[in-house]
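Everything below concerns the one structure shown next.
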Amino acid sequence: MIIDNNNYQEKLYSESGKSNLILQLITYTILSFIVGYVSYVYTIITIKIPIIYINFLLIIGYAILIGVLIRVAFRFSHNRNKKERYIVSILVSTIGFISQWLTYFVFLITDGTPSLLDVITHSITIFENNLFYTILKELYTIGSWAIFGIDVNGYILLLIWLIELTIIILVPILIIKQYLAKPYSEQLNKWYTKYILADDFESIAAPVSLLQSLDLNPINTLEELNKGTGQRHTKIYIYYLEREDIQYISFERISIINNTKKSYNLINGFQINNEQAKYILSQYHYQKEILDIF
């Protein structure tokens with residue numbers, strides 16, 4: 001969300017862009033192995049169920065799972081860098097794409113369902129002997145499957161591969177794009193704990209007027225809000241971390257139309273002081289978020 005007023009912008013949480021290189025290397029290495037295993041399972045399923053319509057749904061689900069795993073990894077790697085998130089997303093998705101192809105190559109070579117160990121050992125051989133592009137070229141020429149008795153190869157097969165690659169890379173990027181910066185303490189090297197106020201407050205239409213009210217008195221702002229309805233309301237989150245002087249409050253507008261829930265970020269991480277945060281948490285029932293990923 002972009003705020004024109006510089007005074008308000010300064011009071012909204014902004015990521016530092018800093019990184020913990022060692023922690024990130026460990027986390028992203030583990031993530032790559034997990035994505036590799038997920039790719040293996042995904043490929044085996046598509047081999048066992050060679051139905052194009054089901055496979056299309058499977059690849060969507062596979063790409064979504066990669067995106068979710070990447071989001072989880074950002075939490076554990078203490079990621080506070082937007083540009084880095086996109087780079088990691090593309091690299092990890094590419095690893096997934098290559099891994100599922102390697103599994104399929106090994107399936108063709110071994111003429112049977114390969115074990116994970118088979119995939120690892122044969123993949124080493126494929127790379128050592130520069131066979132990856134050789135096998136890919138052969139598949140492009142002769143194809144490996146057919147639709148209604150017609151072999152799929154050449155440009156049509158290449159188009160299918162490009163669509164597959166686009167889905168695997170684009171879907172995680174879209175998931176990462178929805179990521180809201182989470183308050184992080186650079187002093188304590190910890191994420192703030194998220195507390196979800198149990199009350200559903202009235203639906204708020206104008207973020208700017210809400211900012212003006214928060215700037216004057218956050219406690220009065222909450223006390224003046226009416227109760228919301230089940231279909232239209234505002235959820236309020238407190239980000240609190242003991243031993244930090246600055247705490248944060250966030251507002252999210254919720255609407256439910258035809259059983260479809262839509263949310264809109266009104267304010268993400270407006271600064272409040274320690275006493276204000278403690279008072280709000282003492283006056284309202286709340287739920288503590290165990291793992292604030294989404």
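Letters for chains follow the order of the structure tokens (A, B, ...), residue numbers begin at 1 for each chain, and ligand numbers begin at 1 in the order shown.
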
I need the alpha helix (DSSP H) residues of stretch 37-268 of chain A per DSSP on the backbone, written as an mmCIF file with N, CA and C atoms, in the first residue's frame.
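File out_32.cif, as written:
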```
data_model
loop_
_atom_site.group_PDB
_atom_site.id
_atom_site.type_symbol
_atom_site.label_atom_id
_atom_site.label_comp_id
_atom_site.auth_asym_id
_atom_site.auth_seq_id
_atom_site.Cartn_x
_atom_site.Cartn_y
_atom_site.Cartn_z
ATOM 1 N N TYR A 37 12.454 -33.608 -3.831
ATOM 2 C CA TYR A 37 11.662 -34.782 -3.461
ATOM 3 C C TYR A 37 10.207 -34.634 -3.907
ATOM 4 N N VAL A 38 9.650 -33.429 -3.702
ATOM 5 C CA VAL A 38 8.277 -33.161 -4.148
ATOM 6 C C VAL A 38 8.167 -33.350 -5.662
ATOM 7 N N SER A 39 9.196 -32.921 -6.387
ATOM 8 C CA SER A 39 9.215 -33.066 -7.846
ATOM 9 C C SER A 39 9.238 -34.539 -8.243
ATOM 10 N N TYR A 40 9.979 -35.334 -7.491
ATOM 11 C CA TYR A 40 10.044 -36.778 -7.735
ATOM 12 C C TYR A 40 8.656 -37.397 -7.565
ATOM 13 N N VAL A 41 7.993 -37.070 -6.450
ATOM 14 C CA VAL A 41 6.656 -37.622 -6.174
ATOM 15 C C VAL A 41 5.666 -37.163 -7.239
ATOM 16 N N TYR A 42 5.724 -35.883 -7.580
ATOM 17 C CA TYR A 42 4.832 -35.332 -8.609
ATOM 18 C C TYR A 42 4.999 -36.077 -9.941
ATOM 19 N N THR A 43 6.231 -36.305 -10.349
ATOM 20 C CA THR A 43 6.491 -36.980 -11.627
ATOM 21 C C THR A 43 6.006 -38.415 -11.613
ATOM 22 N N ILE A 44 6.219 -39.121 -10.520
ATOM 23 C CA ILE A 44 5.760 -40.513 -10.413
ATOM 24 C C ILE A 44 4.230 -40.569 -10.522
ATOM 25 N N ILE A 45 3.558 -39.612 -9.889
ATOM 26 C CA ILE A 45 2.089 -39.579 -9.954
ATOM 27 C C ILE A 45 1.618 -39.346 -11.387
ATOM 28 N N THR A 46 2.274 -38.397 -12.083
ATOM 29 C CA THR A 46 1.876 -38.115 -13.469
ATOM 30 C C THR A 46 2.152 -39.303 -14.392
ATOM 31 N N ILE A 47 3.187 -40.071 -14.064
ATOM 32 C CA ILE A 47 3.484 -41.276 -14.850
ATOM 33 C C ILE A 47 2.402 -42.331 -14.625
ATOM 34 N N LYS A 48 1.978 -42.466 -13.359
ATOM 35 C CA LYS A 48 0.975 -43.469 -13.008
ATOM 36 C C LYS A 48 -0.415 -43.076 -13.515
ATOM 37 N N ILE A 52 -4.249 -36.260 -19.451
ATOM 38 C CA ILE A 52 -3.786 -34.889 -19.637
ATOM 39 C C ILE A 52 -4.533 -33.883 -18.766
ATOM 40 N N TYR A 53 -5.854 -34.087 -18.599
ATOM 41 C CA TYR A 53 -6.639 -33.128 -17.813
ATOM 42 C C TYR A 53 -6.241 -33.178 -16.338
ATOM 43 N N ILE A 54 -6.073 -34.408 -15.846
ATOM 44 C CA ILE A 54 -5.650 -34.558 -14.444
ATOM 45 C C ILE A 54 -4.230 -34.035 -14.269
ATOM 46 N N ASN A 55 -3.367 -34.294 -15.234
ATOM 47 C CA ASN A 55 -1.991 -33.808 -15.155
ATOM 48 C C ASN A 55 -1.921 -32.291 -15.127
ATOM 49 N N PHE A 56 -2.840 -31.642 -15.837
ATOM 50 C CA PHE A 56 -2.863 -30.173 -15.820
ATOM 51 C C PHE A 56 -3.203 -29.664 -14.426
ATOM 52 N N LEU A 57 -4.171 -30.312 -13.770
ATOM 53 C CA LEU A 57 -4.522 -29.927 -12.397
ATOM 54 C C LEU A 57 -3.370 -30.234 -11.446
ATOM 55 N N LEU A 58 -2.697 -31.350 -11.700
ATOM 56 C CA LEU A 58 -1.570 -31.733 -10.855
ATOM 57 C C LEU A 58 -0.438 -30.712 -10.926
ATOM 58 N N ILE A 59 -0.172 -30.200 -12.123
ATOM 59 C CA ILE A 59 0.936 -29.257 -12.261
ATOM 60 C C ILE A 59 0.608 -27.932 -11.576
ATOM 61 N N ILE A 60 -0.682 -27.542 -11.597
ATOM 62 C CA ILE A 60 -1.098 -26.349 -10.868
ATOM 63 C C ILE A 60 -0.883 -26.551 -9.372
ATOM 64 N N GLY A 61 -1.331 -27.712 -8.876
ATOM 65 C CA GLY A 61 -1.151 -28.015 -7.448
ATOM 66 C C GLY A 61 0.317 -28.111 -7.069
ATOM 67 N N TYR A 62 1.100 -28.697 -7.955
ATOM 68 C CA TYR A 62 2.553 -28.821 -7.742
ATOM 69 C C TYR A 62 3.204 -27.446 -7.634
ATOM 70 N N ALA A 63 2.837 -26.530 -8.520
ATOM 71 C CA ALA A 63 3.401 -25.176 -8.512
ATOM 72 C C ALA A 63 2.969 -24.415 -7.262
ATOM 73 N N ILE A 64 1.705 -24.593 -6.845
ATOM 74 C CA ILE A 64 1.219 -23.940 -5.625
ATOM 75 C C ILE A 64 2.002 -24.438 -4.413
ATOM 76 N N LEU A 65 2.230 -25.754 -4.359
ATOM 77 C CA LEU A 65 2.983 -26.337 -3.235
ATOM 78 C C LEU A 65 4.396 -25.775 -3.178
ATOM 79 N N ILE A 66 5.038 -25.620 -4.329
ATOM 80 C CA ILE A 66 6.378 -25.021 -4.356
ATOM 81 C C ILE A 66 6.323 -23.600 -3.797
ATOM 82 N N GLY A 67 5.309 -22.830 -4.202
ATOM 83 C CA GLY A 67 5.163 -21.468 -3.703
ATOM 84 C C GLY A 67 4.978 -21.411 -2.201
ATOM 85 N N VAL A 68 4.181 -22.325 -1.665
ATOM 86 C CA VAL A 68 3.944 -22.381 -0.217
ATOM 87 C C VAL A 68 5.235 -22.748 0.519
ATOM 88 N N LEU A 69 5.965 -23.726 -0.013
ATOM 89 C CA LEU A 69 7.237 -24.134 0.610
ATOM 90 C C LEU A 69 8.229 -22.971 0.632
ATOM 91 N N ILE A 70 8.249 -22.192 -0.436
ATOM 92 C CA ILE A 70 9.140 -21.035 -0.497
ATOM 93 C C ILE A 70 8.739 -20.006 0.568
ATOM 94 N N ARG A 71 7.428 -19.787 0.719
ATOM 95 C CA ARG A 71 6.948 -18.850 1.746
ATOM 96 C C ARG A 71 7.381 -19.293 3.145
ATOM 97 N N VAL A 72 7.258 -20.589 3.400
ATOM 98 C CA VAL A 72 7.675 -21.133 4.702
ATOM 99 C C VAL A 72 9.177 -20.919 4.904
ATOM 100 N N ALA A 73 9.946 -21.138 3.838
ATOM 101 C CA ALA A 73 11.402 -20.973 3.918
ATOM 102 C C ALA A 73 11.778 -19.540 4.242
ATOM 103 N N PHE A 74 11.034 -18.580 3.729
ATOM 104 C CA PHE A 74 11.329 -17.174 4.016
ATOM 105 C C PHE A 74 11.211 -16.885 5.511
ATOM 106 N N ARG A 75 10.262 -17.544 6.147
ATOM 107 C CA ARG A 75 10.090 -17.363 7.595
ATOM 108 C C ARG A 75 11.313 -17.879 8.349
ATOM 109 N N PHE A 76 11.778 -19.069 7.983
ATOM 110 C CA PHE A 76 12.889 -19.692 8.706
ATOM 111 C C PHE A 76 14.241 -19.059 8.351
ATOM 112 N N LYS A 82 12.817 -7.993 -0.463
ATOM 113 C CA LYS A 82 11.815 -8.279 -1.488
ATOM 114 C C LYS A 82 12.448 -8.812 -2.772
ATOM 115 N N LYS A 83 13.519 -8.166 -3.228
ATOM 116 C CA LYS A 83 14.175 -8.592 -4.462
ATOM 117 C C LYS A 83 14.705 -10.009 -4.330
ATOM 118 N N GLU A 84 15.272 -10.307 -3.186
ATOM 119 C CA GLU A 84 15.823 -11.644 -2.948
ATOM 120 C C GLU A 84 14.723 -12.701 -2.986
ATOM 121 N N ARG A 85 13.530 -12.353 -2.510
ATOM 122 C CA ARG A 85 12.423 -13.309 -2.513
ATOM 123 C C ARG A 85 12.078 -13.751 -3.936
ATOM 124 N N TYR A 86 12.064 -12.805 -4.863
ATOM 125 C CA TYR A 86 11.757 -13.152 -6.251
ATOM 126 C C TYR A 86 12.868 -14.000 -6.876
ATOM 127 N N ILE A 87 14.111 -13.662 -6.564
ATOM 128 C CA ILE A 87 15.239 -14.426 -7.108
ATOM 129 C C ILE A 87 15.193 -15.865 -6.601
ATOM 130 N N VAL A 88 14.983 -16.019 -5.292
ATOM 131 C CA VAL A 88 14.902 -17.363 -4.697
ATOM 132 C C VAL A 88 13.743 -18.144 -5.306
ATOM 133 N N SER A 89 12.609 -17.471 -5.489
ATOM 134 C CA SER A 89 11.436 -18.130 -6.063
ATOM 135 C C SER A 89 11.733 -18.689 -7.451
ATOM 136 N N ILE A 90 12.376 -17.900 -8.284
ATOM 137 C CA ILE A 90 12.695 -18.338 -9.652
ATOM 138 C C ILE A 90 13.698 -19.487 -9.636
ATOM 139 N N LEU A 91 14.743 -19.365 -8.797
ATOM 140 C CA LEU A 91 15.778 -20.407 -8.736
ATOM 141 C C LEU A 91 15.219 -21.726 -8.227
ATOM 142 N N VAL A 92 14.424 -21.660 -7.149
ATOM 143 C CA VAL A 92 13.872 -22.887 -6.564
ATOM 144 C C VAL A 92 12.865 -23.530 -7.515
ATOM 145 N N SER A 93 12.057 -22.721 -8.178
ATOM 146 C CA SER A 93 11.095 -23.252 -9.152
ATOM 147 C C SER A 93 11.825 -23.928 -10.315
ATOM 148 N N THR A 94 12.943 -23.339 -10.727
ATOM 149 C CA THR A 94 13.750 -23.934 -11.799
ATOM 150 C C THR A 94 14.338 -25.263 -11.360
ATOM 151 N N ILE A 95 14.776 -25.335 -10.106
ATOM 152 C CA ILE A 95 15.279 -26.595 -9.553
ATOM 153 C C ILE A 95 14.181 -27.653 -9.589
ATOM 154 N N GLY A 96 12.960 -27.247 -9.230
ATOM 155 C CA GLY A 96 11.830 -28.162 -9.280
ATOM 156 C C GLY A 96 11.567 -28.650 -10.695
ATOM 157 N N PHE A 97 11.623 -27.738 -11.663
ATOM 158 C CA PHE A 97 11.378 -28.087 -13.067
ATOM 159 C C PHE A 97 12.415 -29.089 -13.566
ATOM 160 N N ILE A 98 13.685 -28.822 -13.270
ATOM 161 C CA ILE A 98 14.761 -29.721 -13.706
ATOM 162 C C ILE A 98 14.655 -31.070 -12.993
ATOM 163 N N SER A 99 14.303 -31.044 -11.710
ATOM 164 C CA SER A 99 14.208 -32.288 -10.930
ATOM 165 C C SER A 99 13.122 -33.211 -11.470
ATOM 166 N N GLN A 100 11.985 -32.627 -11.849
ATOM 167 C CA GLN A 100 10.914 -33.492 -12.354
ATOM 168 C C GLN A 100 11.262 -34.054 -13.734
ATOM 169 N N TRP A 101 12.055 -33.301 -14.502
ATOM 170 C CA TRP A 101 12.510 -33.816 -15.787
ATOM 171 C C TRP A 101 13.514 -34.950 -15.600
ATOM 172 N N LEU A 102 14.409 -34.783 -14.639
ATOM 173 C CA LEU A 102 15.392 -35.838 -14.356
ATOM 174 C C LEU A 102 14.695 -37.135 -13.945
ATOM 175 N N THR A 103 13.659 -36.999 -13.115
ATOM 176 C CA THR A 103 12.904 -38.185 -12.700
ATOM 177 C C THR A 103 12.284 -38.873 -13.907
ATOM 178 N N TYR A 104 11.765 -38.072 -14.818
ATOM 179 C CA TYR A 104 11.144 -38.644 -16.020
ATOM 180 C C TYR A 104 12.193 -39.298 -16.920
ATOM 181 N N PHE A 105 13.355 -38.665 -17.040
ATOM 182 C CA PHE A 105 14.440 -39.254 -17.843
ATOM 183 C C PHE A 105 14.848 -40.615 -17.294
ATOM 184 N N VAL A 106 14.983 -40.683 -15.975
ATOM 185 C CA VAL A 106 15.392 -41.938 -15.335
ATOM 186 C C VAL A 106 14.312 -42.996 -15.542
ATOM 187 N N PHE A 107 13.054 -42.577 -15.513
ATOM 188 C CA PHE A 107 11.944 -43.498 -15.789
ATOM 189 C C PHE A 107 12.084 -44.105 -17.181
ATOM 190 N N LEU A 108 12.454 -43.279 -18.159
ATOM 191 C CA LEU A 108 12.625 -43.770 -19.529
ATOM 192 C C LEU A 108 13.832 -44.703 -19.640
ATOM 193 N N ILE A 109 14.903 -44.357 -18.935
ATOM 194 C CA ILE A 109 16.136 -45.143 -19.007
ATOM 195 C C ILE A 109 15.970 -46.504 -18.343
ATOM 196 N N THR A 110 15.337 -46.527 -17.165
ATOM 197 C CA THR A 110 15.210 -47.768 -16.392
ATOM 198 C C THR A 110 14.014 -48.598 -16.808
ATOM 199 N N LEU A 116 13.764 -43.275 -5.494
ATOM 200 C CA LEU A 116 14.448 -41.992 -5.314
ATOM 201 C C LEU A 116 15.954 -42.163 -5.464
ATOM 202 N N LEU A 117 16.483 -43.286 -4.961
ATOM 203 C CA LEU A 117 17.915 -43.565 -5.093
ATOM 204 C C LEU A 117 18.305 -43.738 -6.555
ATOM 205 N N ASP A 118 17.436 -44.390 -7.331
ATOM 206 C CA ASP A 118 17.687 -44.545 -8.770
ATOM 207 C C ASP A 118 17.803 -43.181 -9.449
ATOM 208 N N VAL A 119 16.897 -42.295 -9.090
ATOM 209 C CA VAL A 119 16.889 -40.963 -9.698
ATOM 210 C C VAL A 119 18.171 -40.216 -9.374
ATOM 211 N N ILE A 120 18.611 -40.309 -8.114
ATOM 212 C CA ILE A 120 19.826 -39.596 -7.696
ATOM 213 C C ILE A 120 21.049 -40.135 -8.430
ATOM 214 N N THR A 121 21.208 -41.460 -8.442
ATOM 215 C CA THR A 121 22.404 -42.064 -9.063
ATOM 216 C C THR A 121 22.416 -41.860 -10.578
ATOM 217 N N HIS A 122 21.277 -42.047 -11.228
ATOM 218 C CA HIS A 122 21.225 -41.869 -12.679
ATOM 219 C C HIS A 122 21.343 -40.396 -13.071
ATOM 220 N N SER A 123 20.847 -39.501 -12.213
ATOM 221 C CA SER A 123 20.964 -38.070 -12.506
ATOM 222 C C SER A 123 22.419 -37.641 -12.518
ATOM 223 N N ILE A 124 23.208 -38.198 -11.600
ATOM 224 C CA ILE A 124 24.644 -37.903 -11.570
ATOM 225 C C ILE A 124 25.287 -38.352 -12.874
ATOM 226 N N THR A 125 24.895 -39.543 -13.324
ATOM 227 C CA THR A 125 25.430 -40.073 -14.591
ATOM 228 C C THR A 125 25.023 -39.189 -15.768
ATOM 229 N N ILE A 126 23.773 -38.747 -15.764
ATOM 230 C CA ILE A 126 23.268 -37.899 -16.852
ATOM 231 C C ILE A 126 24.076 -36.602 -16.950
ATOM 232 N N PHE A 127 24.353 -35.989 -15.825
ATOM 233 C CA PHE A 127 25.098 -34.731 -15.836
ATOM 234 C C PHE A 127 26.586 -34.960 -16.148
ATOM 235 N N GLU A 128 27.143 -36.043 -15.594
ATOM 236 C CA GLU A 128 28.565 -36.333 -15.843
ATOM 237 C C GLU A 128 28.834 -36.582 -17.320
ATOM 238 N N PHE A 132 21.737 -34.680 -20.541
ATOM 239 C CA PHE A 132 20.452 -34.007 -20.288
ATOM 240 C C PHE A 132 19.847 -33.486 -21.590
ATOM 241 N N TYR A 133 20.625 -32.676 -22.325
ATOM 242 C CA TYR A 133 20.099 -32.086 -23.560
ATOM 243 C C TYR A 133 19.982 -33.126 -24.676
ATOM 244 N N THR A 134 20.787 -34.185 -24.622
ATOM 245 C CA THR A 134 20.694 -35.256 -25.618
ATOM 246 C C THR A 134 19.348 -35.972 -25.507
ATOM 247 N N ILE A 135 18.972 -36.318 -24.280
ATOM 248 C CA ILE A 135 17.692 -36.986 -24.051
ATOM 249 C C ILE A 135 16.536 -36.049 -24.386
ATOM 250 N N LEU A 136 16.689 -34.780 -23.989
ATOM 251 C CA LEU A 136 15.642 -33.789 -24.254
ATOM 252 C C LEU A 136 15.425 -33.618 -25.755
ATOM 253 N N LYS A 137 16.511 -33.586 -26.501
ATOM 254 C CA LYS A 137 16.426 -33.437 -27.958
ATOM 255 C C LYS A 137 15.762 -34.645 -28.588
ATOM 256 N N GLU A 138 16.080 -35.836 -28.059
ATOM 257 C CA GLU A 138 15.472 -37.054 -28.593
ATOM 258 C C GLU A 138 13.968 -37.070 -28.328
ATOM 259 N N LEU A 139 13.574 -36.624 -27.129
ATOM 260 C CA LEU A 139 12.148 -36.539 -26.810
ATOM 261 C C LEU A 139 11.446 -35.539 -27.723
ATOM 262 N N TYR A 140 12.125 -34.430 -27.995
ATOM 263 C CA TYR A 140 11.565 -33.403 -28.877
ATOM 264 C C TYR A 140 11.317 -33.979 -30.277
ATOM 265 N N THR A 141 12.211 -34.841 -30.720
ATOM 266 C CA THR A 141 12.123 -35.397 -32.086
ATOM 267 C C THR A 141 11.061 -36.482 -32.206
ATOM 268 N N ILE A 142 11.087 -37.446 -31.276
ATOM 269 C CA ILE A 142 10.188 -38.605 -31.410
ATOM 270 C C ILE A 142 8.986 -38.538 -30.471
ATOM 271 N N GLY A 154 7.975 -32.330 -31.542
ATOM 272 C CA GLY A 154 8.277 -31.101 -32.267
ATOM 273 C C GLY A 154 7.781 -29.851 -31.564
ATOM 274 N N TYR A 155 7.275 -28.901 -32.372
ATOM 275 C CA TYR A 155 6.880 -27.602 -31.844
ATOM 276 C C TYR A 155 5.710 -27.695 -30.859
ATOM 277 N N ILE A 156 4.806 -28.630 -31.097
ATOM 278 C CA ILE A 156 3.675 -28.786 -30.176
ATOM 279 C C ILE A 156 4.167 -29.220 -28.800
ATOM 280 N N LEU A 157 5.080 -30.179 -28.794
ATOM 281 C CA LEU A 157 5.649 -30.643 -27.530
ATOM 282 C C LEU A 157 6.444 -29.524 -26.853
ATOM 283 N N LEU A 158 7.185 -28.762 -27.652
ATOM 284 C CA LEU A 158 7.951 -27.636 -27.101
ATOM 285 C C LEU A 158 7.018 -26.617 -26.459
ATOM 286 N N LEU A 159 5.879 -26.362 -27.096
ATOM 287 C CA LEU A 159 4.900 -25.422 -26.540
ATOM 288 C C LEU A 159 4.367 -25.921 -25.210
ATOM 289 N N ILE A 160 4.096 -27.219 -25.125
ATOM 290 C CA ILE A 160 3.610 -27.809 -23.870
ATOM 291 C C ILE A 160 4.665 -27.666 -22.775
ATOM 292 N N TRP A 161 5.917 -27.895 -23.128
ATOM 293 C CA TRP A 161 7.016 -27.740 -22.155
ATOM 294 C C TRP A 161 7.108 -26.301 -21.654
ATOM 295 N N LEU A 162 6.978 -25.356 -22.574
ATOM 296 C CA LEU A 162 7.070 -23.937 -22.191
ATOM 297 C C LEU A 162 5.910 -23.533 -21.296
ATOM 298 N N ILE A 163 4.716 -24.056 -21.587
ATOM 299 C CA ILE A 163 3.556 -23.773 -20.731
ATOM 300 C C ILE A 163 3.791 -24.345 -19.342
ATOM 301 N N GLU A 164 4.326 -25.567 -19.299
ATOM 302 C CA GLU A 164 4.622 -26.213 -18.022
ATOM 303 C C GLU A 164 5.642 -25.403 -17.227
ATOM 304 N N LEU A 165 6.707 -24.977 -17.895
ATOM 305 C CA LEU A 165 7.743 -24.182 -17.238
ATOM 306 C C LEU A 165 7.165 -22.854 -16.736
ATOM 307 N N THR A 166 6.320 -22.224 -17.533
ATOM 308 C CA THR A 166 5.710 -20.952 -17.154
ATOM 309 C C THR A 166 4.861 -21.107 -15.895
ATOM 310 N N ILE A 167 4.070 -22.182 -15.841
ATOM 311 C CA ILE A 167 3.220 -22.428 -14.666
ATOM 312 C C ILE A 167 4.070 -22.645 -13.428
ATOM 313 N N ILE A 168 5.118 -23.475 -13.564
ATOM 314 C CA ILE A 168 5.951 -23.817 -12.401
ATOM 315 C C ILE A 168 6.683 -22.591 -11.859
ATOM 316 N N ILE A 169 7.052 -21.660 -12.719
ATOM 317 C CA ILE A 169 7.774 -20.461 -12.263
ATOM 318 C C ILE A 169 6.813 -19.337 -11.884
ATOM 319 N N LEU A 170 5.743 -19.161 -12.674
ATOM 320 C CA LEU A 170 4.854 -18.019 -12.474
ATOM 321 C C LEU A 170 3.981 -18.146 -11.228
ATOM 322 N N VAL A 171 3.438 -19.336 -10.974
ATOM 323 C CA VAL A 171 2.545 -19.517 -9.824
ATOM 324 C C VAL A 171 3.246 -19.189 -8.504
ATOM 325 N N PRO A 172 4.461 -19.724 -8.233
ATOM 326 C CA PRO A 172 5.154 -19.314 -7.005
ATOM 327 C C PRO A 172 5.432 -17.812 -6.932
ATOM 328 N N ILE A 173 5.745 -17.193 -8.075
ATOM 329 C CA ILE A 173 5.978 -15.747 -8.082
ATOM 330 C C ILE A 173 4.721 -15.003 -7.658
ATOM 331 N N LEU A 174 3.561 -15.444 -8.158
ATOM 332 C CA LEU A 174 2.299 -14.807 -7.786
ATOM 333 C C LEU A 174 2.018 -14.989 -6.295
ATOM 334 N N ILE A 175 2.387 -16.142 -5.763
ATOM 335 C CA ILE A 175 2.215 -16.385 -4.325
ATOM 336 C C ILE A 175 3.146 -15.480 -3.520
ATOM 337 N N ILE A 176 4.376 -15.319 -3.999
ATOM 338 C CA ILE A 176 5.343 -14.455 -3.322
ATOM 339 C C ILE A 176 4.906 -12.988 -3.416
ATOM 340 N N LYS A 177 4.286 -12.622 -4.537
ATOM 341 C CA LYS A 177 3.842 -11.241 -4.739
ATOM 342 C C LYS A 177 2.825 -10.826 -3.682
ATOM 343 N N PRO A 207 -8.385 4.178 4.126
ATOM 344 C CA PRO A 207 -7.148 3.991 4.914
ATOM 345 C C PRO A 207 -6.538 5.302 5.394
ATOM 346 N N VAL A 208 -6.658 6.368 4.594
ATOM 347 C CA VAL A 208 -6.022 7.640 4.953
ATOM 348 C C VAL A 208 -6.627 8.219 6.222
ATOM 349 N N SER A 209 -7.964 8.208 6.330
ATOM 350 C CA SER A 209 -8.613 8.722 7.540
ATOM 351 C C SER A 209 -8.272 7.846 8.739
ATOM 352 N N LEU A 210 -8.114 6.547 8.497
ATOM 353 C CA LEU A 210 -7.719 5.635 9.575
ATOM 354 C C LEU A 210 -6.309 5.956 10.053
ATOM 355 N N LEU A 211 -5.420 6.270 9.131
ATOM 356 C CA LEU A 211 -4.055 6.647 9.487
ATOM 357 C C LEU A 211 -4.037 7.925 10.318
ATOM 358 N N GLN A 212 -4.852 8.864 9.930
ATOM 359 C CA GLN A 212 -4.921 10.129 10.667
ATOM 360 C C GLN A 212 -5.377 9.888 12.098
ATOM 361 N N SER A 213 -6.362 9.020 12.259
ATOM 362 C CA SER A 213 -6.872 8.700 13.590
ATOM 363 C C SER A 213 -5.826 7.948 14.409
ATOM 364 N N LEU A 214 -5.138 6.989 13.785
ATOM 365 C CA LEU A 214 -4.097 6.237 14.488
ATOM 366 C C LEU A 214 -2.961 7.143 14.937
ATOM 367 N N ASP A 215 -2.649 8.108 14.090
ATOM 368 C CA ASP A 215 -1.554 9.020 14.401
ATOM 369 C C ASP A 215 -1.869 9.851 15.638
ATOM 370 N N LEU A 216 -3.146 10.150 15.845
ATOM 371 C CA LEU A 216 -3.553 10.936 17.010
ATOM 372 C C LEU A 216 -3.610 10.075 18.268
ATOM 373 N N PRO A 218 -4.029 5.677 18.840
ATOM 374 C CA PRO A 218 -4.418 4.331 18.404
ATOM 375 C C PRO A 218 -5.496 3.693 19.276
ATOM 376 N N ILE A 219 -5.422 3.921 20.585
ATOM 377 C CA ILE A 219 -6.395 3.309 21.502
ATOM 378 C C ILE A 219 -7.788 3.861 21.247
ATOM 379 N N ASN A 220 -7.897 5.188 21.113
ATOM 380 C CA ASN A 220 -9.197 5.801 20.819
ATOM 381 C C ASN A 220 -9.742 5.323 19.473
ATOM 382 N N THR A 221 -8.832 5.118 18.527
ATOM 383 C CA THR A 221 -9.249 4.654 17.200
ATOM 384 C C THR A 221 -9.987 3.331 17.305
ATOM 385 N N LEU A 222 -9.431 2.395 18.064
ATOM 386 C CA LEU A 222 -10.072 1.089 18.221
ATOM 387 C C LEU A 222 -11.378 1.196 19.004
ATOM 388 N N GLU A 223 -11.371 2.010 20.063
ATOM 389 C CA GLU A 223 -12.557 2.130 20.910
ATOM 390 C C GLU A 223 -13.723 2.776 20.176
#
```

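For A:Tyr286, the set of protein, DNA and RNA residues having any atom at most 7 Å away, when counting only C-alpha atoms and skipping those fewer than 5 positions along the same chain, is Tyr195, Ile196, Leu197 and Ala198 of chain A.
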
Can you spit out the residues from that selection as a JSON list (two decimals), in the first residue's frame, using N, CA and C atoms?
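As a result, out.json now contains:
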```json
[["chain", "number", "residue", "atom", "x", "y", "z"],
["A", 195, "TYR", "N", -0.65, -11.16, 17.06],
["A", 195, "TYR", "CA", -1.84, -11.40, 17.86],
["A", 195, "TYR", "C", -3.06, -10.94, 17.07],
["A", 196, "ILE", "N", -4.02, -11.83, 16.88],
["A", 196, "ILE", "CA", -5.22, -11.53, 16.12],
["A", 196, "ILE", "C", -6.34, -11.19, 17.09],
["A", 197, "LEU", "N", -6.82, -9.95, 17.05],
["A", 197, "LEU", "CA", -7.92, -9.58, 17.94],
["A", 197, "LEU", "C", -9.16, -10.35, 17.52],
["A", 198, "ALA", "N", -9.87, -10.90, 18.53],
["A", 198, "ALA", "CA", -11.01, -11.77, 18.25],
["A", 198, "ALA", "C", -12.20, -11.01, 17.67]]
```
